[in-house]
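Heads up, input04.txt below (compact mmCIF, C-alpha atoms):
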```txt
# COMPACT_ATOMS: atom_id res chain seq x y z
CA MET A 120 11.72 53.68 201.80
CA VAL A 121 15.05 52.73 200.36
CA PHE A 122 17.21 53.69 203.36
CA LEU A 123 15.95 51.37 206.06
CA THR A 124 18.86 51.67 208.56
CA LEU A 125 20.40 54.86 210.02
CA SER A 126 23.80 54.14 208.58
CA CYS A 127 22.39 54.22 205.02
CA TRP A 128 21.24 57.82 205.52
CA ILE A 129 24.83 59.08 205.84
CA ARG A 130 25.94 60.56 202.48
CA SER A 131 29.49 60.98 201.29
CA ARG A 132 29.09 63.59 198.62
CA GLY A 133 32.58 64.01 197.30
CA PRO A 134 35.34 62.72 199.49
CA ASP A 135 38.10 64.65 197.65
CA ARG A 136 37.12 68.28 198.30
CA TYR A 137 40.07 68.87 200.62
CA TRP A 138 42.58 67.77 198.02
CA LYS A 139 40.96 69.73 195.20
CA VAL A 140 41.03 72.89 197.31
CA GLN A 141 44.64 72.32 198.34
CA GLU A 142 45.67 71.91 194.71
CA VAL A 143 44.55 75.50 194.08
CA LEU A 144 45.74 76.96 197.38
CA LYS A 145 49.25 75.57 196.97
CA ASN A 146 49.73 77.96 194.04
CA ALA A 147 48.53 80.88 196.16
CA ARG A 148 50.68 80.38 199.25
CA HIS A 149 53.06 83.26 198.43
CA PHE A 150 50.28 85.82 197.92
CA ARG A 151 49.52 88.71 200.22
CA GLY A 152 46.40 88.96 202.39
CA ARG A 153 43.40 86.67 202.49
CA LYS A 154 43.94 85.44 198.96
CA ASN A 155 46.60 83.02 200.23
CA ARG A 156 44.11 81.32 202.58
CA CYS A 157 40.52 81.64 201.41
CA TYR A 158 39.56 79.46 198.46
CA LYS A 159 36.98 81.81 197.00
CA LEU A 160 39.47 84.69 196.71
CA ALA A 161 42.42 82.47 195.89
CA VAL A 162 40.82 80.76 192.94
CA ARG A 163 40.36 84.09 191.12
CA MET A 164 43.88 85.26 191.87
CA VAL A 165 45.46 81.96 190.91
CA ARG A 166 43.73 82.04 187.54
CA ARG A 167 45.01 85.60 186.98
CA ALA A 168 48.52 84.55 187.98
CA PHE A 169 48.46 81.69 185.47
CA VAL A 170 47.24 84.03 182.72
CA TYR A 171 50.09 86.43 183.48
CA ALA A 172 52.55 83.53 183.42
CA THR A 173 51.31 82.45 179.99
CA LYS A 174 51.61 85.94 178.56
CA ALA A 175 55.01 86.43 180.16
CA ARG A 176 56.54 83.50 178.31
CA LYS A 177 56.49 85.62 175.13
CA LEU A 178 57.60 88.78 176.95
CA LYS A 179 60.54 86.95 178.50
CA LYS A 180 62.00 86.27 175.07
CA ARG A 181 61.67 89.94 174.13
CA ASN A 182 63.11 91.20 177.39
CA MET A 183 66.07 88.86 177.28
CA ARG A 184 66.91 90.02 173.75
CA THR A 185 66.81 93.72 174.75
CA LEU A 186 69.04 92.93 177.72
CA TRP A 187 71.56 91.14 175.50
CA ILE A 188 71.52 94.04 173.05
CA SER A 189 72.14 96.66 175.75
CA ARG A 190 74.98 94.56 177.20
CA ILE A 191 76.62 94.14 173.80
CA ALA A 192 76.21 97.87 173.15
CA ALA A 193 77.91 98.72 176.46
CA ALA A 194 80.80 96.34 175.81
CA SER A 195 81.33 97.52 172.23
CA ARG A 196 81.37 101.16 173.35
CA GLU A 197 84.19 100.22 175.71
CA HIS A 198 86.14 99.25 172.60
CA GLY A 199 85.19 102.35 170.62
CA MET A 200 82.47 100.88 168.40
CA LYS A 201 78.70 101.21 168.40
CA TYR A 202 76.24 98.32 168.54
CA PRO A 203 74.72 98.68 165.03
CA ALA A 204 78.16 98.95 163.45
CA LEU A 205 79.41 95.89 165.35
CA MET A 206 76.47 93.65 164.46
CA HIS A 207 76.30 94.73 160.81
CA ASN A 208 79.99 94.11 160.30
CA LEU A 209 79.88 90.76 162.08
CA VAL A 210 77.04 89.72 159.80
CA LYS A 211 79.01 90.92 156.78
CA SER A 212 81.99 88.85 157.95
CA SER A 213 79.60 85.85 158.18
CA VAL A 214 80.05 85.44 161.95
CA GLN A 215 76.78 83.71 162.82
CA LEU A 216 76.81 84.23 166.58
CA ASN A 217 73.53 85.25 168.16
CA ARG A 218 73.12 88.04 170.69
CA HIS A 219 72.91 85.60 173.62
CA VAL A 220 76.34 84.16 172.91
CA ILE A 221 77.97 87.51 172.14
CA SER A 222 76.68 89.05 175.38
CA ASP A 223 77.97 86.05 177.37
CA LEU A 224 81.35 86.42 175.67
CA ALA A 225 81.36 90.12 176.51
CA ILE A 226 80.90 89.30 180.19
CA THR A 227 83.03 86.21 180.74
CA GLU A 228 85.48 86.23 177.80
CA PRO A 229 86.58 89.85 177.34
CA ARG A 230 89.49 89.05 175.06
CA SER A 231 87.33 87.01 172.68
CA PHE A 232 84.91 89.92 172.54
CA LEU A 233 87.81 92.27 171.82
CA SER A 234 88.85 90.07 168.92
CA LEU A 235 85.28 90.17 167.55
CA ALA A 236 85.28 93.96 167.88
CA LYS A 237 88.58 94.19 165.99
CA LEU A 238 87.24 91.91 163.27
CA ALA A 239 84.15 94.11 162.89
CA ARG A 240 86.31 97.25 162.88
CA ALA A 241 88.53 95.82 160.13
CA ARG A 242 85.49 94.90 158.04
CA GLN A 243 84.00 98.36 158.62
CA GLN A 244 87.13 100.15 157.47
CA GLU A 245 87.83 97.91 154.51
CA GLY A 246 86.60 100.58 152.14
CA PHE A 247 88.75 103.26 153.74
CA ARG A 248 91.81 101.06 153.61
CA ALA A 249 91.24 100.25 149.97
CA ALA A 250 90.85 103.94 149.11
CA LEU A 251 93.43 105.53 151.37
CA GLY A 252 95.73 102.91 152.81
CA ASP A 253 98.61 100.92 151.38
CA GLY A 254 96.71 97.71 150.67
CA LYS A 255 98.15 95.91 153.70
CA GLU A 256 95.81 93.89 155.88
CA PRO A 257 95.55 95.02 159.52
CA PRO A 258 97.74 92.74 161.66
CA GLY A 259 96.05 89.67 163.05
CA VAL A 260 92.63 90.09 161.44
CA LEU A 261 91.17 87.86 158.75
CA SER A 262 88.08 89.46 157.24
CA ARG A 263 87.55 87.54 154.01
CA VAL A 264 85.27 84.51 153.88
CA ALA A 265 87.42 81.47 153.19
CA PHE A 266 85.82 79.24 150.56
CA LEU A 267 86.37 75.60 151.44
CA GLN A 268 87.26 73.43 148.49
CA MET B 62 92.70 89.18 188.10
CA SER B 63 92.21 85.51 187.28
CA SER B 64 93.97 84.67 190.54
CA PHE B 65 91.18 86.26 192.62
CA SER B 66 88.87 84.01 194.64
CA ARG B 67 85.22 83.92 193.55
CA SER B 68 84.01 86.36 196.17
CA ALA B 69 86.88 88.76 195.49
CA GLN B 70 86.19 88.64 191.74
CA GLN B 71 82.50 89.37 192.39
CA TRP B 72 83.43 92.27 194.67
CA ALA B 73 85.77 93.72 192.05
CA THR B 74 83.25 93.31 189.21
CA PHE B 75 80.39 95.03 191.01
CA ALA B 76 82.45 97.77 192.66
CA ARG B 77 81.17 101.30 192.22
CA SER B 78 83.50 103.76 190.46
CA TRP B 79 83.49 107.53 190.77
CA PHE B 80 83.63 109.47 187.50
CA LEU B 81 84.69 113.12 187.20
CA ILE B 82 83.44 115.39 184.38
CA ASP B 83 84.57 118.97 183.83
CA ALA B 84 81.61 121.02 182.59
CA ARG B 85 83.55 124.09 181.45
CA MET B 86 82.21 125.30 178.05
CA GLN B 87 80.18 122.09 177.58
CA PRO B 88 76.53 121.74 176.49
CA PRO B 89 74.52 120.52 179.50
CA GLY B 90 72.51 118.05 177.39
CA LYS B 91 75.59 116.09 176.33
CA LEU B 92 76.93 116.10 179.89
CA ALA B 93 73.55 114.85 181.06
CA SER B 94 73.37 111.96 178.59
CA MET B 95 76.90 110.80 179.51
CA SER B 96 76.11 111.04 183.22
CA ALA B 97 72.74 109.30 182.93
CA ILE B 98 74.33 106.33 181.16
CA ARG B 99 76.90 105.95 183.92
CA LEU B 100 74.45 106.49 186.77
CA GLN B 101 72.29 103.65 185.46
CA GLY B 102 75.25 101.37 184.85
CA LYS B 103 74.52 101.01 181.14
CA HIS B 104 78.21 101.42 180.31
CA LYS B 105 78.92 97.99 181.84
CA PRO B 106 78.41 94.64 180.08
CA ILE B 107 77.05 93.25 183.37
CA TYR B 108 74.16 95.74 183.34
CA HIS B 109 70.79 94.70 184.74
CA ALA B 110 68.06 97.04 185.94
CA LEU B 111 67.69 95.20 189.23
CA SER B 112 71.33 94.69 190.10
CA ASP B 113 72.09 98.27 191.28
CA CYS B 114 75.22 98.57 189.16
CA GLY B 115 75.26 102.34 188.76
CA ASP B 116 78.31 104.46 189.49
CA HIS B 117 78.87 107.87 191.05
CA VAL B 118 79.29 110.91 188.82
CA VAL B 119 80.89 114.18 189.98
CA ILE B 120 80.42 117.25 187.77
CA ILE B 121 82.60 120.29 188.44
CA ASN B 122 82.46 123.84 187.07
CA SER B 123 78.74 123.59 186.41
CA ARG B 124 78.58 127.38 186.55
CA GLU B 125 80.51 127.45 183.24
CA ILE B 126 78.18 125.36 181.10
CA ALA B 127 77.49 126.66 177.59
CA PHE B 128 74.15 126.38 175.82
CA SER B 129 74.28 126.59 172.03
CA GLY B 130 72.04 128.98 170.11
CA ASN B 131 69.75 131.40 171.97
CA LYS B 132 68.75 128.89 174.63
CA TRP B 133 69.88 131.08 177.53
CA GLU B 134 67.05 133.46 176.66
CA GLN B 135 64.60 131.10 174.93
CA LYS B 136 64.64 127.92 177.03
CA VAL B 137 61.99 128.07 179.73
CA TYR B 138 61.88 126.03 182.93
CA SER B 139 58.35 125.77 184.33
CA SER B 140 57.11 124.76 187.74
CA HIS B 141 53.93 125.07 189.80
CA THR B 142 53.86 125.71 193.54
CA GLY B 143 50.53 123.89 193.93
CA TYR B 144 48.67 127.03 194.96
CA PRO B 145 46.31 128.80 192.53
CA GLY B 146 48.14 131.33 190.41
CA GLY B 147 51.42 129.65 191.28
CA PHE B 148 52.61 128.76 187.78
CA LYS B 149 56.18 130.03 187.50
CA GLN B 150 58.21 130.19 184.31
CA VAL B 151 61.88 131.08 184.42
CA THR B 152 64.35 131.42 181.56
CA ALA B 153 67.51 129.35 181.63
CA ALA B 154 69.63 132.45 182.32
CA GLN B 155 67.54 133.41 185.37
CA LEU B 156 67.54 129.87 186.71
CA HIS B 157 71.30 129.57 186.25
CA HIS B 158 71.83 132.84 188.09
CA LYS B 159 69.64 131.70 190.98
CA ASP B 160 71.13 128.19 191.21
CA PRO B 161 74.13 127.22 189.02
CA LYS B 162 73.59 123.51 189.66
CA ALA B 163 69.92 123.34 188.67
CA ILE B 164 70.19 123.16 184.88
CA VAL B 165 72.50 120.13 184.85
CA LYS B 166 70.49 118.48 187.64
CA LEU B 167 67.16 118.88 185.83
CA ALA B 168 68.68 117.69 182.56
CA ILE B 169 69.98 114.49 184.17
CA TYR B 170 66.74 113.96 186.12
CA GLY B 171 64.81 114.02 182.86
CA MET B 172 67.16 111.55 181.16
CA LEU B 173 67.04 108.89 183.86
CA PRO B 174 64.34 106.17 183.64
CA LYS B 175 61.13 107.23 185.35
CA ASN B 176 61.09 104.60 188.07
CA LEU B 177 61.74 104.40 191.78
CA GLN B 178 65.47 103.99 191.28
CA ARG B 179 65.74 107.47 189.77
CA ARG B 180 65.96 109.10 193.21
CA THR B 181 68.78 106.77 194.32
CA MET B 182 70.64 107.50 191.11
CA MET B 183 70.23 111.25 191.70
CA GLN B 184 71.70 110.77 195.16
CA ARG B 185 74.79 109.28 193.50
CA LEU B 186 75.18 112.41 191.36
CA HIS B 187 77.33 115.21 192.80
CA ILE B 188 77.37 118.61 191.12
CA PHE B 189 79.68 121.45 192.12
CA PRO B 190 79.44 124.93 190.60
CA ASP B 191 83.21 125.54 190.97
CA ASP B 192 86.50 123.69 191.02
CA VAL B 193 86.35 123.22 194.79
CA LEU B 194 85.65 119.63 195.89
CA PRO B 195 85.37 118.29 199.42
CA ASP B 196 88.25 116.00 200.42
CA ASP B 197 86.24 112.81 200.81
CA ILE B 198 84.83 113.05 197.28
CA MET B 199 88.27 113.96 195.92
CA ALA B 200 89.66 110.83 197.59
CA ASN B 201 87.02 108.60 195.96
CA LEU B 202 87.45 109.69 192.33
CA THR B 203 88.64 106.93 190.01
CA GLU B 204 88.37 108.18 186.44
CA GLU B 205 88.03 111.44 184.55
CA LEU B 206 85.83 111.31 181.45
CA PRO B 207 86.82 113.25 178.31
CA GLN B 208 84.72 116.31 177.58
CA PRO B 209 81.94 115.71 175.04
CA ARG B 210 82.54 118.95 173.14
CA GLU B 211 85.90 120.08 171.80
CA VAL B 212 86.34 123.62 173.10
CA PRO B 213 87.40 125.92 170.20
CA ARG B 214 90.37 128.20 170.83
CA LYS B 215 89.92 131.93 170.98
CA LEU B 216 91.66 134.12 168.43
CA SER B 217 93.86 135.52 171.23
CA GLU B 218 95.08 131.97 171.98
CA TYR B 219 96.54 131.44 168.50
CA THR B 220 100.19 132.36 168.01
CA GLN B 221 101.08 134.93 165.34
CA GLU B 222 102.86 132.23 163.31
CA GLU B 223 99.71 130.11 163.16
CA ILE B 224 97.64 133.14 162.11
CA ASP B 225 100.15 133.95 159.36
CA ALA B 226 100.35 130.33 158.22
CA PHE B 227 96.53 130.12 157.86
CA PRO B 228 95.56 130.12 154.15
CA ARG B 229 94.00 133.35 152.90
CA LEU B 230 91.15 133.24 150.39
CA TRP B 231 91.47 136.85 149.23
CA THR B 232 93.36 139.99 150.21
CA PRO B 233 91.13 143.03 150.63
CA PRO B 234 92.06 146.16 148.60
CA GLU B 235 93.74 149.03 150.45
CA GLU B 236 90.67 151.26 150.94
CA TYR B 237 88.35 148.42 151.96
CA LYS B 238 86.61 149.10 155.27
CA MET B 239 85.69 146.06 157.37
CA LYS B 240 82.45 146.49 159.28
```

I'd like the structure from this file rewritten - as structure tokens, please.
Amino acid sequence: MVFLTLSCWIRSRGPDRYWKVQEVLKNARHFRGRKNRCYKLAVRMVRRAFVYATKARKLKKRNMRTLWISRIAAASREHGMKYPALMHNLVKSSVQLNRHVISDLAITEPRSFLSLAKLARARQQEGFRAALGDGKEPPGVLSRVAFLQ
Amino acid sequence: MSSFSRSAQQWATFARSWFLIDARMQPPGKLASMSAIRLQGKHKPIYHALSDCGDHVVIINSREIAFSGNKWEQKVYSSHTGYPGGFKQVTAAQLHHKDPKAIVKLAIYGMLPKNLQRRTMMQRLHIFPDDVLPDDIMANLTEELPQPREVPRKLSEYTQEEIDAFPRLWTPPEEYKMK
């Protein structure tokens, strides 16, 4: 017999079970029902929640971009332009602002957005002005790319 | 507006406006798309699906809407009562006669996003078949939207000078009989 005294018979199989269980349950505390308390149910639901979180990191980028686009479309319609026309003409005028920045400008800096819309409108109607107009630039709009020397 | 305090600026930004649209001689589909955009709040740069930024839309004279083509006779609105043999199909003309508000209401209902907020947005839509508005709605109106379709003038509305000044392509000979 190896264990000759009573105290040697007492086993301590894994003293950290409480903390390992708590590490999982802390991520489940805001769930509904028994899955926020019982480890066996919680461990499945926590794994599912983490999988959803991983997939959502890609979806978040897509959703944010669609939100920016719909906000820019709403703001440009207020100024009488449509979203595709605005973006195409800004690209043609070599304005390299992304949709995030333009949508923030549309919300917090309305006059800057108005100036962008006027720039895009001038670039859009450049052909018309060359064909029909008197060759004068529209007041206050610079639509040519300035080559730095 | 830059002199507002933060809470006052927030209140002013997210305030709900009341739009008025006159539906006389307008196609109900175009009215519906304009209204659906404003009921969702998609005409605002601060739009977000969760932030409840939609506005109220009031449509008057919905009895005088104008379908193009033969849609009054050809467009069919279907419904089912739930009981066997209860499939009902009604033409647009019959439905309009029974309820002059239904065509515009169904058009807008179909154009809103199919989520739980659709019913709240429909509650913010007010349709009146005639010109008569209740006083509380009249007091709330903020803006009138331009009509989507330019209503053409009838021949009787042109003055004789305008008819004479219109260019003629050919003059018919004296014994020509117009059908």

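What chain A places within 12 Å of chain B, counting only C-alpha atoms, is Asn182, Met183, Thr185, Leu186, Trp187, Ile188, Ser189, Arg190, Ile191, Ala192, Ala193, Ala194, Ser195, Arg196, Glu197, His198, Gly199, Lys201, Ile221, Ser222, Asp223, Leu224, Ala225, Ile226, Thr227, Glu228, Pro229 and Phe232 of chain A.
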
Contacts of segment 129-146 of chain A at 9 Å (all atoms listed in the file; same-chain gap of 6+ positions) as JSON, numbers by chain: {"A": [154, 155, 156, 157, 158, 161, 162, 165]}

Output C-alpha atoms for every residue in the selection just made, as an mmCIF file, keeping the file's coordinate frame.
```cif
data_model
loop_
_atom_site.group_PDB
_atom_site.id
_atom_site.type_symbol
_atom_site.label_atom_id
_atom_site.label_comp_id
_atom_site.auth_asym_id
_atom_site.auth_seq_id
_atom_site.Cartn_x
_atom_site.Cartn_y
_atom_site.Cartn_z
ATOM 1 C CA LYS A 154 43.940 85.440 198.960
ATOM 2 C CA ASN A 155 46.600 83.020 200.230
ATOM 3 C CA ARG A 156 44.110 81.320 202.580
ATOM 4 C CA CYS A 157 40.520 81.640 201.410
ATOM 5 C CA TYR A 158 39.560 79.460 198.460
ATOM 6 C CA ALA A 161 42.420 82.470 195.890
ATOM 7 C CA VAL A 162 40.820 80.760 192.940
ATOM 8 C CA VAL A 165 45.460 81.960 190.910
#
```

Box for segment 209-215 of chain B - axis-aligned, 3 Å on each of the six sides, all listed atoms - centre and size in Å to one decimal, as lines of an AutoDock Vina configuration file.
```
center_x = 86.2
center_y = 123.8
center_z = 172.6
size_x = 14.4
size_y = 22.2
size_z = 10.8
```

Distance in Å - atom CA of Ala76 of chain B versus atom CA of Asn201 of chain B: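 Distance reported for this atom pair: 12.2 Å.
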
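Our summary of the geometry notes that atom CA of Arg210 of chain B is positioned 12.7 Å from atom CA of Ala93 of chain B.
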
Using only C-alpha atoms: which of A:Leu216, A:Val170, A:Met206, A:Leu123 has the shortest distance to Arg240 of chain A: A:Met206

Lys149 of chain B surroundings by only C-alpha atoms, 10 Å radius, close-in-sequence under 2 positions cut, as a list in words: Val137, Tyr138, Ser139, Ser140, His141, Thr142, Gly146, Gly147 and Val151 of chain B

Atom CA of Leu81 of chain B to atom CA of Met172 of chain B, distance in Å rounded to a single decimal: 18.6 Å

Contacts of Ser94 of chain B at 9 Å (only C-alpha atoms; same-chain gap of 3+ positions) as a ChimeraX atom specification: /B:89-91,97-99,168-169,172-173

Store the residues of this selection in a file with C-alpha atoms, as a PDB file, in the frame of the given file.
```
ATOM      1  CA  PRO B  89      74.520 120.520 179.500  1.00  0.00           C
ATOM      2  CA  GLY B  90      72.510 118.050 177.390  1.00  0.00           C
ATOM      3  CA  LYS B  91      75.590 116.090 176.330  1.00  0.00           C
ATOM      4  CA  ALA B  97      72.740 109.300 182.930  1.00  0.00           C
ATOM      5  CA  ILE B  98      74.330 106.330 181.160  1.00  0.00           C
ATOM      6  CA  ARG B  99      76.900 105.950 183.920  1.00  0.00           C
ATOM      7  CA  ALA B 168      68.680 117.690 182.560  1.00  0.00           C
ATOM      8  CA  ILE B 169      69.980 114.490 184.170  1.00  0.00           C
ATOM      9  CA  MET B 172      67.160 111.550 181.160  1.00  0.00           C
ATOM     10  CA  LEU B 173      67.040 108.890 183.860  1.00  0.00           C
TER      11      LEU B 173
END
```

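Remark: for Val210 of chain A, the closest of the candidate residues A:Leu235, A:Met120, A:Val260, A:Leu178 is A:Leu235 (distances computed over only C-alpha atoms).
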
Residue contacts of Phe80 of chain B (12 Å, only C-alpha atoms) excluding same-chain residues fewer than 4 positions away, as a PyMOL selection string: chain B and resi 95-100+102+115-121+185-188+198-207

Counting all atoms listed in the file, the option among B:Leu111, B:Leu216, B:Met183, B:Leu194 closest to Val165 of chain B: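 Distance minimum relative to Val165 of chain B lands on B:Met183.
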
Using the structure just given, write a file holding N, CA and C atoms for segment 236-248 of chain A, as a short mmCIF file (atom, residue, chain, number, x, y, z; two decimals), in the first residue's frame.
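selection.cif was written with the following content:
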```
data_model
loop_
_atom_site.label_atom_id
_atom_site.label_comp_id
_atom_site.auth_asym_id
_atom_site.auth_seq_id
_atom_site.Cartn_x
_atom_site.Cartn_y
_atom_site.Cartn_z
N ALA A 236 -20.30 68.99 -53.83
CA ALA A 236 -21.38 68.74 -54.79
C ALA A 236 -21.29 69.71 -55.96
N LYS A 237 -20.93 70.98 -55.68
CA LYS A 237 -20.80 71.95 -56.77
C LYS A 237 -19.64 71.61 -57.67
N LEU A 238 -18.54 71.14 -57.05
CA LEU A 238 -17.38 70.72 -57.85
C LEU A 238 -17.77 69.58 -58.79
N ALA A 239 -18.48 68.59 -58.25
CA ALA A 239 -18.89 67.45 -59.08
C ALA A 239 -19.86 67.91 -60.17
N ARG A 240 -20.75 68.85 -59.83
CA ARG A 240 -21.70 69.33 -60.83
C ARG A 240 -20.96 70.05 -61.96
N ALA A 241 -19.95 70.85 -61.60
CA ALA A 241 -19.20 71.58 -62.62
C ALA A 241 -18.49 70.59 -63.54
N ARG A 242 -17.89 69.53 -62.93
CA ARG A 242 -17.17 68.55 -63.74
C ARG A 242 -18.12 67.78 -64.63
N GLN A 243 -19.36 67.55 -64.12
CA GLN A 243 -20.34 66.79 -64.89
C GLN A 243 -20.78 67.59 -66.10
N GLN A 244 -20.91 68.92 -65.94
CA GLN A 244 -21.47 69.72 -67.01
C GLN A 244 -20.40 70.40 -67.83
N GLU A 245 -19.15 69.91 -67.69
CA GLU A 245 -18.07 70.52 -68.46
C GLU A 245 -18.32 70.38 -69.95
N GLY A 246 -18.82 69.21 -70.35
CA GLY A 246 -19.08 68.99 -71.76
C GLY A 246 -20.16 69.91 -72.29
N PHE A 247 -21.23 70.06 -71.50
CA PHE A 247 -22.32 70.95 -71.90
C PHE A 247 -21.82 72.37 -72.06
N ARG A 248 -21.00 72.80 -71.07
CA ARG A 248 -20.54 74.18 -71.12
C ARG A 248 -19.64 74.42 -72.31
#
```
